$ cat model.pdb   # PDB, C-alpha atoms and all ligand atoms
ATOM      1  CA  MET A 741      85.272 125.444  94.413  1.00  0.00           C
ATOM      2  CA  VAL A 742      87.123 122.417  95.824  1.00  0.00           C
ATOM      3  CA  ALA A 743      86.055 118.893  94.856  1.00  0.00           C
ATOM      4  CA  LEU A 744      87.112 115.708  96.625  1.00  0.00           C
ATOM      5  CA  ARG A 745      87.638 112.564  94.586  1.00  0.00           C
ATOM      6  CA  PRO A 746      89.498 109.215  94.680  1.00  0.00           C
ATOM      7  CA  PHE A 747      93.220 109.213  93.881  1.00  0.00           C
ATOM      8  CA  LYS A 748      94.214 108.321  90.297  1.00  0.00           C
ATOM      9  CA  SER A 749      97.715 107.223  89.294  1.00  0.00           C
ATOM     10  CA  ALA A 750      98.069 110.420  87.225  1.00  0.00           C
ATOM     11  CA  ASP A 751      97.916 112.364  90.540  1.00  0.00           C
ATOM     12  CA  LEU A 752     101.147 110.854  91.841  1.00  0.00           C
ATOM     13  CA  ASP A 753     103.443 113.767  90.925  1.00  0.00           C
ATOM     14  CA  ASP A 754     101.007 116.179  92.612  1.00  0.00           C
ATOM     15  CA  LEU A 755     101.174 114.124  95.798  1.00  0.00           C
ATOM     16  CA  TYR A 756     104.972 114.299  95.727  1.00  0.00           C
ATOM     17  CA  GLU A 757     104.829 118.085  95.242  1.00  0.00           C
ATOM     18  CA  ILE A 758     102.301 118.633  98.033  1.00  0.00           C
ATOM     19  CA  SER A 759     104.351 116.435 100.378  1.00  0.00           C
ATOM     20  CA  LEU A 760     107.393 118.637  99.759  1.00  0.00           C
ATOM     21  CA  ALA A 761     105.428 121.898  99.970  1.00  0.00           C
ATOM     22  CA  THR A 762     104.067 120.922 103.418  1.00  0.00           C
ATOM     23  CA  GLY A 763     106.961 118.777 104.642  1.00  0.00           C
ATOM     24  CA  HIS A 764     108.651 121.097 107.112  1.00  0.00           C
ATOM     25  CA  ALA A 765     106.269 120.893 110.097  1.00  0.00           C
ATOM     26  CA  GLY A 766     103.393 121.801 107.764  1.00  0.00           C
ATOM     27  CA  ARG A 767     105.389 124.385 105.805  1.00  0.00           C
ATOM     28  CA  ASP A 768     107.408 124.360 102.596  1.00  0.00           C
ATOM     29  CA  ALA A 769     110.423 122.049 102.757  1.00  0.00           C
ATOM     30  CA  THR A 770     111.705 122.770  99.231  1.00  0.00           C
ATOM     31  CA  ALA A 771     114.843 124.582 100.396  1.00  0.00           C
ATOM     32  CA  LEU A 772     115.823 121.735 102.714  1.00  0.00           C
ATOM     33  CA  TYR A 773     116.011 118.894 100.197  1.00  0.00           C
ATOM     34  CA  GLN A 774     118.213 118.170  97.213  1.00  0.00           C
ATOM     35  CA  ASP A 775     115.863 115.382  96.106  1.00  0.00           C
ATOM     36  CA  PRO A 776     112.326 116.816  95.904  1.00  0.00           C
ATOM     37  CA  ARG A 777     110.700 113.362  96.101  1.00  0.00           C
ATOM     38  CA  MET A 778     112.240 112.289  99.382  1.00  0.00           C
ATOM     39  CA  ILE A 779     109.298 113.221 101.613  1.00  0.00           C
ATOM     40  CA  GLY A 780     106.705 111.764  99.262  1.00  0.00           C
ATOM     41  CA  HIS A 781     108.625 108.477  99.150  1.00  0.00           C
ATOM     42  CA  LEU A 782     107.901 108.127 102.852  1.00  0.00           C
ATOM     43  CA  TYR A 783     104.578 109.818 103.552  1.00  0.00           C
ATOM     44  CA  SER A 784     102.306 109.874 100.504  1.00  0.00           C
ATOM     45  CA  ALA A 785     103.322 107.815  97.437  1.00  0.00           C
ATOM     46  CA  PRO A 786     103.407 104.343  99.026  1.00  0.00           C
ATOM     47  CA  TYR A 787      99.945 104.820 100.502  1.00  0.00           C
ATOM     48  CA  ALA A 788      98.438 106.027  97.242  1.00  0.00           C
ATOM     49  CA  LEU A 789     100.043 103.228  95.231  1.00  0.00           C
ATOM     50  CA  LEU A 790      99.550 100.345  97.678  1.00  0.00           C
ATOM     51  CA  SER A 791      96.189 101.457  99.072  1.00  0.00           C
ATOM     52  CA  PRO A 792      94.431 103.561  96.412  1.00  0.00           C
ATOM     53  CA  ALA A 793      91.008 102.690  97.855  1.00  0.00           C
ATOM     54  CA  THR A 794      91.837 104.763 100.948  1.00  0.00           C
ATOM     55  CA  SER A 795      93.476 107.659  99.072  1.00  0.00           C
ATOM     56  CA  PHE A 796      91.658 110.824  98.038  1.00  0.00           C
ATOM     57  CA  VAL A 797      92.602 114.196  96.583  1.00  0.00           C
ATOM     58  CA  ALA A 798      91.177 117.698  96.784  1.00  0.00           C
ATOM     59  CA  GLU A 799      91.082 119.510  93.456  1.00  0.00           C
ATOM     60  CA  ASP A 800      90.171 123.029  92.377  1.00  0.00           C
ATOM     61  CA  GLU A 801      90.391 124.898  89.071  1.00  0.00           C
ATOM     62  CA  THR A 802      94.207 125.119  89.486  1.00  0.00           C
ATOM     63  CA  GLY A 803      94.581 121.368  89.967  1.00  0.00           C
ATOM     64  CA  VAL A 804      95.169 118.907  92.786  1.00  0.00           C
ATOM     65  CA  GLY A 805      96.073 120.843  95.926  1.00  0.00           C
ATOM     66  CA  GLY A 806      95.605 118.347  98.736  1.00  0.00           C
ATOM     67  CA  TYR A 807      95.374 114.698  99.654  1.00  0.00           C
ATOM     68  CA  ILE A 808      94.509 112.261 102.379  1.00  0.00           C
ATOM     69  CA  VAL A 809      96.123 108.826 102.495  1.00  0.00           C
ATOM     70  CA  GLY A 810      96.378 106.157 105.132  1.00  0.00           C
ATOM     71  CA  ALA A 811      96.383 102.548 106.202  1.00  0.00           C
ATOM     72  CA  VAL A 812      93.491 100.716 107.845  1.00  0.00           C
ATOM     73  CA  ASP A 813      95.864  98.170 109.394  1.00  0.00           C
ATOM     74  CA  THR A 814      99.231  99.706 110.261  1.00  0.00           C
ATOM     75  CA  TYR A 815     100.952  96.360 110.882  1.00  0.00           C
ATOM     76  CA  ALA A 816      99.738  94.885 107.575  1.00  0.00           C
ATOM     77  CA  PHE A 817     100.782  98.042 105.744  1.00  0.00           C
ATOM     78  CA  ASP A 818     104.271  97.955 107.290  1.00  0.00           C
ATOM     79  CA  TYR A 819     104.583  94.368 106.103  1.00  0.00           C
ATOM     80  CA  ARG A 820     103.608  95.334 102.547  1.00  0.00           C
ATOM     81  CA  LEU A 821     106.086  98.227 102.580  1.00  0.00           C
ATOM     82  CA  GLY A 822     108.812  95.749 103.439  1.00  0.00           C
ATOM     83  CA  ARG A 823     107.984  93.559 100.457  1.00  0.00           C
ATOM     84  CA  GLU A 824     106.677  95.999  97.843  1.00  0.00           C
ATOM     85  CA  TRP A 825     108.047  99.484  98.517  1.00  0.00           C
ATOM     86  CA  TRP A 826     111.351  99.644 100.367  1.00  0.00           C
ATOM     87  CA  PRO A 827     113.412  97.218  98.219  1.00  0.00           C
ATOM     88  CA  GLU A 828     113.399  99.419  95.110  1.00  0.00           C
ATOM     89  CA  LEU A 829     114.057 102.594  97.087  1.00  0.00           C
ATOM     90  CA  ARG A 830     116.882 100.943  99.010  1.00  0.00           C
ATOM     91  CA  ALA A 831     118.531 100.075  95.727  1.00  0.00           C
ATOM     92  CA  ALA A 832     118.201 103.704  94.565  1.00  0.00           C
ATOM     93  CA  TYR A 833     119.153 105.482  97.811  1.00  0.00           C
ATOM     94  CA  PRO A 834     122.192 104.391  99.847  1.00  0.00           C
ATOM     95  CA  ASP A 835     122.023 103.945 103.607  1.00  0.00           C
ATOM     96  CA  PRO A 836     123.983 106.958 104.906  1.00  0.00           C
ATOM     97  CA  PRO A 837     127.328 106.120 106.501  1.00  0.00           C
ATOM     98  CA  GLY A 838     127.868 106.368 110.233  1.00  0.00           C
ATOM     99  CA  SER A 839     125.221 106.240 112.894  1.00  0.00           C
ATOM    100  CA  PRO A 840     122.383 108.704 113.290  1.00  0.00           C
ATOM    101  CA  PRO A 841     122.271 111.522 112.756  1.00  0.00           C
ATOM    102  CA  THR A 842     124.492 114.341 113.907  1.00  0.00           C
ATOM    103  CA  ARG A 843     125.984 115.561 110.623  1.00  0.00           C
ATOM    104  CA  TRP A 844     123.419 114.272 108.178  1.00  0.00           C
ATOM    105  CA  ASN A 845     121.479 116.582 105.916  1.00  0.00           C
ATOM    106  CA  ALA A 846     117.714 116.267 105.436  1.00  0.00           C
ATOM    107  CA  ASP A 847     118.063 113.904 102.466  1.00  0.00           C
ATOM    108  CA  GLN A 848     120.343 111.580 104.427  1.00  0.00           C
ATOM    109  CA  ARG A 849     117.965 111.513 107.395  1.00  0.00           C
ATOM    110  CA  ARG A 850     115.150 110.380 105.072  1.00  0.00           C
ATOM    111  CA  CYS A 851     117.460 107.828 103.416  1.00  0.00           C
ATOM    112  CA  TYR A 852     118.109 106.389 106.834  1.00  0.00           C
ATOM    113  CA  LEU A 853     114.355 105.926 107.315  1.00  0.00           C
ATOM    114  CA  ILE A 854     114.113 104.118 103.974  1.00  0.00           C
ATOM    115  CA  HIS A 855     116.643 101.588 105.276  1.00  0.00           C
ATOM    116  CA  HIS A 856     115.485 101.623 108.897  1.00  0.00           C
ATOM    117  CA  PRO A 857     111.754 102.389 108.805  1.00  0.00           C
ATOM    118  CA  TRP A 858     110.105 103.923 111.816  1.00  0.00           C
ATOM    119  CA  ARG A 859     107.820 101.559 113.728  1.00  0.00           C
ATOM    120  CA  THR A 860     104.986 103.136 115.640  1.00  0.00           C
ATOM    121  CA  PRO A 861     104.991 101.897 119.254  1.00  0.00           C
ATOM    122  CA  GLU A 862     102.806  98.839 119.837  1.00  0.00           C
ATOM    123  CA  ALA A 863     100.858 100.537 122.608  1.00  0.00           C
ATOM    124  CA  ILE A 864      99.571 103.066 120.071  1.00  0.00           C
ATOM    125  CA  VAL A 865      98.852 100.651 117.214  1.00  0.00           C
ATOM    126  CA  GLU A 866      97.048  98.173 119.482  1.00  0.00           C
ATOM    127  CA  THR A 867      94.518 100.818 120.511  1.00  0.00           C
ATOM    128  CA  TYR A 868      94.446 102.842 117.293  1.00  0.00           C
ATOM    129  CA  PRO A 869      95.357 100.368 114.507  1.00  0.00           C
ATOM    130  CA  SER A 870      94.823 102.725 111.552  1.00  0.00           C
ATOM    131  CA  HIS A 871      96.827 105.821 110.632  1.00  0.00           C
ATOM    132  CA  LEU A 872      96.664 108.567 108.027  1.00  0.00           C
ATOM    133  CA  HIS A 873      98.342 111.636 106.540  1.00  0.00           C
ATOM    134  CA  VAL A 874      96.550 114.722 105.240  1.00  0.00           C
ATOM    135  CA  ASN A 875      98.209 117.714 103.577  1.00  0.00           C
ATOM    136  CA  LEU A 876      96.888 120.743 101.729  1.00  0.00           C
ATOM    137  CA  LEU A 877      98.689 123.461  99.819  1.00  0.00           C
ATOM    138  CA  PRO A 878      98.267 126.904 101.425  1.00  0.00           C
ATOM    139  CA  ARG A 879      95.623 127.952  98.892  1.00  0.00           C
ATOM    140  CA  MET A 880      93.322 125.195 100.176  1.00  0.00           C
ATOM    141  CA  GLN A 881      93.906 125.596 103.897  1.00  0.00           C
ATOM    142  CA  GLY A 882      91.456 127.050 106.404  1.00  0.00           C
ATOM    143  CA  GLN A 883      88.268 126.446 104.399  1.00  0.00           C
ATOM    144  CA  GLY A 884      87.088 123.153 105.865  1.00  0.00           C
ATOM    145  CA  VAL A 885      88.789 120.998 103.207  1.00  0.00           C
ATOM    146  CA  GLY A 886      90.917 119.126 105.766  1.00  0.00           C
ATOM    147  CA  ARG A 887      87.876 118.282 107.870  1.00  0.00           C
ATOM    148  CA  SER A 888      85.909 117.201 104.771  1.00  0.00           C
ATOM    149  CA  LEU A 889      88.746 114.922 103.615  1.00  0.00           C
ATOM    150  CA  LEU A 890      88.873 113.430 107.101  1.00  0.00           C
ATOM    151  CA  GLU A 891      85.136 112.696 107.108  1.00  0.00           C
ATOM    152  CA  LEU A 892      85.421 111.126 103.656  1.00  0.00           C
ATOM    153  CA  TRP A 893      88.281 108.958 104.874  1.00  0.00           C
ATOM    154  CA  PHE A 894      86.474 107.889 108.039  1.00  0.00           C
ATOM    155  CA  GLY A 895      83.397 106.981 105.970  1.00  0.00           C
ATOM    156  CA  THR A 896      85.637 104.865 103.727  1.00  0.00           C
ATOM    157  CA  VAL A 897      87.606 103.018 106.395  1.00  0.00           C
ATOM    158  CA  ARG A 898      84.818 102.299 108.901  1.00  0.00           C
ATOM    159  CA  PRO A 899      83.217  99.681 106.605  1.00  0.00           C
ATOM    160  CA  LEU A 900      86.703  98.205 106.133  1.00  0.00           C
ATOM    161  CA  GLY A 901      86.863  97.561 109.870  1.00  0.00           C
ATOM    162  CA  ALA A 902      88.751 100.601 111.153  1.00  0.00           C
ATOM    163  CA  ALA A 903      87.959 101.209 114.830  1.00  0.00           C
ATOM    164  CA  GLY A 904      90.645 103.657 115.860  1.00  0.00           C
ATOM    165  CA  VAL A 905      93.131 105.871 114.082  1.00  0.00           C
ATOM    166  CA  HIS A 906      96.389 107.520 115.160  1.00  0.00           C
ATOM    167  CA  VAL A 907      98.455 110.335 113.678  1.00  0.00           C
ATOM    168  CA  GLY A 908     101.986 111.508 114.337  1.00  0.00           C
ATOM    169  CA  VAL A 909     102.618 115.234 114.012  1.00  0.00           C
ATOM    170  CA  SER A 910     105.841 117.202 114.245  1.00  0.00           C
ATOM    171  CA  ALA A 911     105.914 118.877 117.655  1.00  0.00           C
ATOM    172  CA  HIS A 912     106.731 122.108 115.791  1.00  0.00           C
ATOM    173  CA  ASN A 913     103.510 121.897 113.763  1.00  0.00           C
ATOM    174  CA  HIS A 914     101.289 123.743 116.239  1.00  0.00           C
ATOM    175  CA  ARG A 915      98.627 124.429 113.602  1.00  0.00           C
ATOM    176  CA  GLY A 916      98.502 120.746 112.719  1.00  0.00           C
ATOM    177  CA  VAL A 917      98.115 119.719 116.367  1.00  0.00           C
ATOM    178  CA  ARG A 918      95.244 122.211 116.796  1.00  0.00           C
ATOM    179  CA  PHE A 919      93.567 120.821 113.677  1.00  0.00           C
ATOM    180  CA  TRP A 920      93.681 117.261 114.985  1.00  0.00           C
ATOM    181  CA  LYS A 921      92.347 118.280 118.383  1.00  0.00           C
ATOM    182  CA  SER A 922      89.450 120.175 116.834  1.00  0.00           C
ATOM    183  CA  CYS A 923      88.672 117.024 114.786  1.00  0.00           C
ATOM    184  CA  GLY A 924      88.306 114.871 117.904  1.00  0.00           C
ATOM    185  CA  PHE A 925      91.839 113.492 118.284  1.00  0.00           C
ATOM    186  CA  VAL A 926      93.324 113.334 121.774  1.00  0.00           C
ATOM    187  CA  PRO A 927      97.033 113.400 122.673  1.00  0.00           C
ATOM    188  CA  LEU A 928      98.209 109.897 123.652  1.00  0.00           C
ATOM    189  CA  GLU A 929      99.680 109.603 127.098  1.00  0.00           C
ATOM    190  CA  ASN A 930     101.483 106.315 126.478  1.00  0.00           C
ATOM    191  CA  ALA A 931     103.288 107.750 123.449  1.00  0.00           C
ATOM    192  CA  PRO A 932     107.036 108.371 123.443  1.00  0.00           C
ATOM    193  CA  THR A 933     108.034 111.965 124.002  1.00  0.00           C
ATOM    194  CA  GLY A 934     110.225 113.668 121.434  1.00  0.00           C
ATOM    195  CA  SER A 935     109.921 115.505 118.167  1.00  0.00           C
ATOM    196  CA  THR A 936     106.591 113.830 117.278  1.00  0.00           C
ATOM    197  CA  VAL A 937     103.248 114.406 118.996  1.00  0.00           C
ATOM    198  CA  TRP A 938     100.954 111.345 118.835  1.00  0.00           C
ATOM    199  CA  LEU A 939      97.182 111.698 118.832  1.00  0.00           C
ATOM    200  CA  GLY A 940      94.391 109.145 118.467  1.00  0.00           C
ATOM    201  CA  ARG A 941      90.684 108.933 117.851  1.00  0.00           C
ATOM    202  CA  HIS A 942      88.199 106.081 118.144  1.00  0.00           C
ATOM    203  CA  LEU A 943      85.826 105.641 115.216  1.00  0.00           C
ATOM    204  CA  ASP A 944      82.204 104.841 116.067  1.00  0.00           C
ATOM    205  CA  ALA A 945      81.047 101.962 113.890  1.00  0.00           C
ATOM    206  CA  ASP A 946      77.485 103.276 113.675  1.00  0.00           C
ATOM    207  CA  ARG A 947      78.224 106.741 112.316  1.00  0.00           C
TER     208      ARG A 947
HETATM  209  C1  LIG B1001      96.415 120.851 108.921  1.00  0.00           C
HETATM  210  C2  LIG B1001      95.457 120.895 107.731  1.00  0.00           C
HETATM  211  C3  LIG B1001      95.302 119.473 107.174  1.00  0.00           C
HETATM  212  C4  LIG B1001      94.094 121.374 108.232  1.00  0.00           C
HETATM  213  O1  LIG B1001      93.196 121.408 107.148  1.00  0.00           O
HETATM  214  P1  LIG B1001      92.326 122.721 106.904  1.00  0.00           P
HETATM  215  O2  LIG B1001      91.456 122.479 105.744  1.00  0.00           O
HETATM  216  O3  LIG B1001      93.250 123.877 106.837  1.00  0.00           O
HETATM  217  O4  LIG B1001      91.456 122.789 108.229  1.00  0.00           O
HETATM  218  P2  LIG B1001      89.889 123.007 108.263  1.00  0.00           P
HETATM  219  O5  LIG B1001      89.599 124.316 107.604  1.00  0.00           O
HETATM  220  O6  LIG B1001      89.206 121.794 107.720  1.00  0.00           O
HETATM  221  O7  LIG B1001      89.625 123.131 109.789  1.00  0.00           O
HETATM  222  C5  LIG B1001      89.099 122.037 110.521  1.00  0.00           C
HETATM  223  C6  LIG B1001      89.087 122.409 111.976  1.00  0.00           C
HETATM  224  O8  LIG B1001      90.415 122.571 112.434  1.00  0.00           O
HETATM  225  C7  LIG B1001      90.566 123.869 112.966  1.00  0.00           C
HETATM  226  N1  LIG B1001      91.847 124.397 112.549  1.00  0.00           N
HETATM  227  C8  LIG B1001      92.421 124.248 111.351  1.00  0.00           C
HETATM  228  N2  LIG B1001      93.583 124.922 111.317  1.00  0.00           N
HETATM  229  C9  LIG B1001      93.681 125.501 112.533  1.00  0.00           C
HETATM  230  C10 LIG B1001      94.640 126.351 113.121  1.00  0.00           C
HETATM  231  N3  LIG B1001      95.718 126.758 112.458  1.00  0.00           N
HETATM  232  N4  LIG B1001      94.435 126.766 114.378  1.00  0.00           N
HETATM  233  C11 LIG B1001      93.357 126.368 115.056  1.00  0.00           C
HETATM  234  N5  LIG B1001      92.413 125.585 114.570  1.00  0.00           N
HETATM  235  C12 LIG B1001      92.587 125.153 113.306  1.00  0.00           C
HETATM  236  C13 LIG B1001      89.473 124.696 112.376  1.00  0.00           C
HETATM  237  O9  LIG B1001      89.108 125.760 113.232  1.00  0.00           O
HETATM  238  C14 LIG B1001      88.362 123.724 112.219  1.00  0.00           C
HETATM  239  O10 LIG B1001      87.657 123.545 113.449  1.00  0.00           O
HETATM  240  P3  LIG B1001      86.097 123.889 113.491  1.00  0.00           P
HETATM  241  O11 LIG B1001      85.478 123.154 112.332  1.00  0.00           O
HETATM  242  O12 LIG B1001      85.700 123.381 114.821  1.00  0.00           O
HETATM  243  O13 LIG B1001      86.048 125.379 113.314  1.00  0.00           O
HETATM  244  C15 LIG B1001      95.952 121.850 106.615  1.00  0.00           C
HETATM  245  O14 LIG B1001      95.935 123.172 107.083  1.00  0.00           O
HETATM  246  C16 LIG B1001      97.324 121.503 106.098  1.00  0.00           C
HETATM  247  O15 LIG B1001      97.466 120.649 105.238  1.00  0.00           O
HETATM  248  N6  LIG B1001      98.377 122.167 106.612  1.00  0.00           N
HETATM  249  C17 LIG B1001      99.730 121.970 106.134  1.00  0.00           C
HETATM  250  C18 LIG B1001     100.202 120.541 106.276  1.00  0.00           C
HETATM  251  C19 LIG B1001      99.961 119.962 107.638  1.00  0.00           C
HETATM  252  O16 LIG B1001     100.267 120.558 108.642  1.00  0.00           O
HETATM  253  N7  LIG B1001      99.414 118.741 107.628  1.00  0.00           N
HETATM  254  C20 LIG B1001      99.126 118.006 108.833  1.00  0.00           C
HETATM  255  C21 LIG B1001     100.319 117.262 109.166  1.00  0.00           C
HETATM  256  S1  LIG B1001      99.982 116.136 110.470  1.00  0.00           S
END
$ encode --input "model.pdb" --output "structure tokens"
Amino acid sequence: MVALRPFKSADLDDLYEISLATGHAGRDATALYQDPRMIGHLYSAPYALLSPATSFVAEDETGVGGYIVGAVDTYAFDYRLGREWWPELRAAYPDPPGSPPTRWNADQRRCYLIHHPWRTPEAIVETYPSHLHVNLLPRMQGQGVGRSLLELWFGTVRPLGAAGVHVGVSAHNHRGVRFWKSCGFVPLENAPTGSTVWLGRHLDADR
């Protein structure tokens, strides 16, 4: 039995663990990283801590096994990251030497992003201003939990003014891309091509 509930600060370590366990194109990234919190620093923890009202977890008898986090306003969230999240991490993690990224290991590539955060192209954010991340441990996958978390999130962000949402998925995460498509997301034609697939979905205000 899986229950969905709002994020609590005591869930933070679980979010870090789930981020790592799903951080290699949807699969376990543990073997790739020396620092097990590197992925969570970028893709789950800041959302849960800066925007707890739009953060939810999925929990079963074993514990928290999934989460959904996101930002209603991507530009405003990026601004808050700059003031409230990156400074402390930048002090803790050095900017890797040299220019990207031929000989860097996975930790160094993430460190680079801490110092030089990725900015989603304007053409995407203008049309789909919100974005989100959802990740489930294998034991929770394939039972409708991802779709249920998504519906909970949409129901939360619509009243906050969200009209369109985008996601960026590793091009190697074929299962993830199929999930988004079956949940009404369409690949974005104006998106840059590369290692990330961009998809978007409009949110009907009256649903
Ligand atoms: C991707 C993920 C969030 C999907 O959640 P889920 O609970 O496993 O998916 P659901 O059971 O809710 O399925 C929802 C829909 O997506 C479809 N779907 C899910 N996984 C699929 C797959 N591997 N292939 C095809 N369709 C898939 C389901 O068929 C279902 O469609 P339907 O309701 O029309 O039948 C989850 O599997 C996960 O966290 N994976 C690892 C991390 C990851 O890849 N995260 C996404 C990164 S962008």
$ resolve_selection --input "model.pdb" --expression "the PyMOL selection byres (((chain A and resi 855) around 8) and not hetatm)" --output "PyMOL selection string"
chain A and resi 826+830+835+851-854+856-857
$ residues_around --input "model.pdb" --residues "segment 790-803 of chain A" --least-positions-apart "3" --cutoff "9 Å" --atoms "only C-alpha atoms" --output "number ranges by chain"
A: 741-749, 751, 754-755, 785-787, 806-812, 817, 820-821, 824-825, 876, 880, 885, 889, 892-893, 896-897
$ residues_around --input "model.pdb" --residues "segment 901-903 of chain A" --least-positions-apart "2" --cutoff "12 Å" --atoms "only C-alpha atoms" --output "ChimeraX atom specification"
/A:794,810-814,865-872,893-899,905-906,940-947
$ closest_residue --input "model.pdb" --among "A:Trp844, A:Tyr783, A:Trp858, A:Tyr819" --to "ligand LIG 1001 (chain B)" --atoms "all atoms listed in the file"
A:Tyr783
$ resolve_selection --input "model.pdb" --expression "the PyMOL selection byres (((not hetatm)) within 6 of (chain B and resi 1001))" --output "ChimeraX atom specification"
/A:762,766,874-876,881-887,909,915-916,918-919,922
$ closest_residue --input "model.pdb" --among "A:Arg843, A:Ile758, A:Ala816, A:Arg850" --to "His781 of chain A" --atoms "all atoms listed in the file"
A:Arg850
$ resolve_selection --input "model.pdb" --expression "the PyMOL selection byres (((chain A and resi 771) around 12) and not hetatm)" --output "count of residues only"
17
$ build_atoms --input "model.pdb" --residues "segment 749-766 of chain A" --atoms "N, CA and C atoms" --output "PDB file, keeping the file's coordinate frame"
ATOM      1  N   SER A 749      96.248 107.331  89.393  1.00  0.00           N
ATOM      2  CA  SER A 749      97.715 107.223  89.294  1.00  0.00           C
ATOM      3  C   SER A 749      98.328 108.485  88.670  1.00  0.00           C
ATOM      4  N   ALA A 750      97.551 109.184  87.835  1.00  0.00           N
ATOM      5  CA  ALA A 750      98.069 110.420  87.225  1.00  0.00           C
ATOM      6  C   ALA A 750      98.276 111.535  88.255  1.00  0.00           C
ATOM      7  N   ASP A 751      97.760 111.350  89.477  1.00  0.00           N
ATOM      8  CA  ASP A 751      97.916 112.364  90.540  1.00  0.00           C
ATOM      9  C   ASP A 751      99.243 112.219  91.297  1.00  0.00           C
ATOM     10  N   LEU A 752     100.002 111.175  90.987  1.00  0.00           N
ATOM     11  CA  LEU A 752     101.147 110.854  91.841  1.00  0.00           C
ATOM     12  C   LEU A 752     102.145 112.003  91.967  1.00  0.00           C
ATOM     13  N   ASP A 753     102.481 112.657  90.851  1.00  0.00           N
ATOM     14  CA  ASP A 753     103.443 113.767  90.925  1.00  0.00           C
ATOM     15  C   ASP A 753     102.916 114.903  91.798  1.00  0.00           C
ATOM     16  N   ASP A 754     101.599 115.148  91.747  1.00  0.00           N
ATOM     17  CA  ASP A 754     101.007 116.179  92.612  1.00  0.00           C
ATOM     18  C   ASP A 754     101.188 115.813  94.085  1.00  0.00           C
ATOM     19  N   LEU A 755     100.999 114.542  94.401  1.00  0.00           N
ATOM     20  CA  LEU A 755     101.174 114.124  95.798  1.00  0.00           C
ATOM     21  C   LEU A 755     102.609 114.374  96.255  1.00  0.00           C
ATOM     22  N   TYR A 756     103.571 114.030  95.371  1.00  0.00           N
ATOM     23  CA  TYR A 756     104.972 114.299  95.727  1.00  0.00           C
ATOM     24  C   TYR A 756     105.192 115.799  95.966  1.00  0.00           C
ATOM     25  N   GLU A 757     104.619 116.630  95.112  1.00  0.00           N
ATOM     26  CA  GLU A 757     104.829 118.085  95.242  1.00  0.00           C
ATOM     27  C   GLU A 757     104.185 118.638  96.507  1.00  0.00           C
ATOM     28  N   ILE A 758     102.991 118.159  96.825  1.00  0.00           N
ATOM     29  CA  ILE A 758     102.301 118.633  98.033  1.00  0.00           C
ATOM     30  C   ILE A 758     103.059 118.167  99.280  1.00  0.00           C
ATOM     31  N   SER A 759     103.582 116.944  99.231  1.00  0.00           N
ATOM     32  CA  SER A 759     104.351 116.435 100.378  1.00  0.00           C
ATOM     33  C   SER A 759     105.549 117.341 100.658  1.00  0.00           C
ATOM     34  N   LEU A 760     106.232 117.753  99.588  1.00  0.00           N
ATOM     35  CA  LEU A 760     107.393 118.637  99.759  1.00  0.00           C
ATOM     36  C   LEU A 760     106.956 120.026 100.228  1.00  0.00           C
ATOM     37  N   ALA A 761     105.876 120.533  99.660  1.00  0.00           N
ATOM     38  CA  ALA A 761     105.428 121.898  99.970  1.00  0.00           C
ATOM     39  C   ALA A 761     104.852 122.026 101.382  1.00  0.00           C
ATOM     40  N   THR A 762     104.610 120.892 102.043  1.00  0.00           N
ATOM     41  CA  THR A 762     104.067 120.922 103.418  1.00  0.00           C
ATOM     42  C   THR A 762     104.956 120.124 104.373  1.00  0.00           C
ATOM     43  N   GLY A 763     106.158 119.764 103.932  1.00  0.00           N
ATOM     44  CA  GLY A 763     106.961 118.777 104.642  1.00  0.00           C
ATOM     45  C   GLY A 763     107.870 119.281 105.736  1.00  0.00           C
ATOM     46  N   HIS A 764     107.825 120.550 106.025  1.00  0.00           N
ATOM     47  CA  HIS A 764     108.651 121.097 107.112  1.00  0.00           C
ATOM     48  C   HIS A 764     107.710 121.566 108.219  1.00  0.00           C
ATOM     49  N   ALA A 765     107.249 120.611 109.033  1.00  0.00           N
ATOM     50  CA  ALA A 765     106.269 120.893 110.097  1.00  0.00           C
ATOM     51  C   ALA A 765     105.052 121.639 109.537  1.00  0.00           C
ATOM     52  N   GLY A 766     104.582 121.206 108.385  1.00  0.00           N
ATOM     53  CA  GLY A 766     103.393 121.801 107.764  1.00  0.00           C
ATOM     54  C   GLY A 766     103.714 122.897 106.775  1.00  0.00           C
TER      55      GLY A 766
END
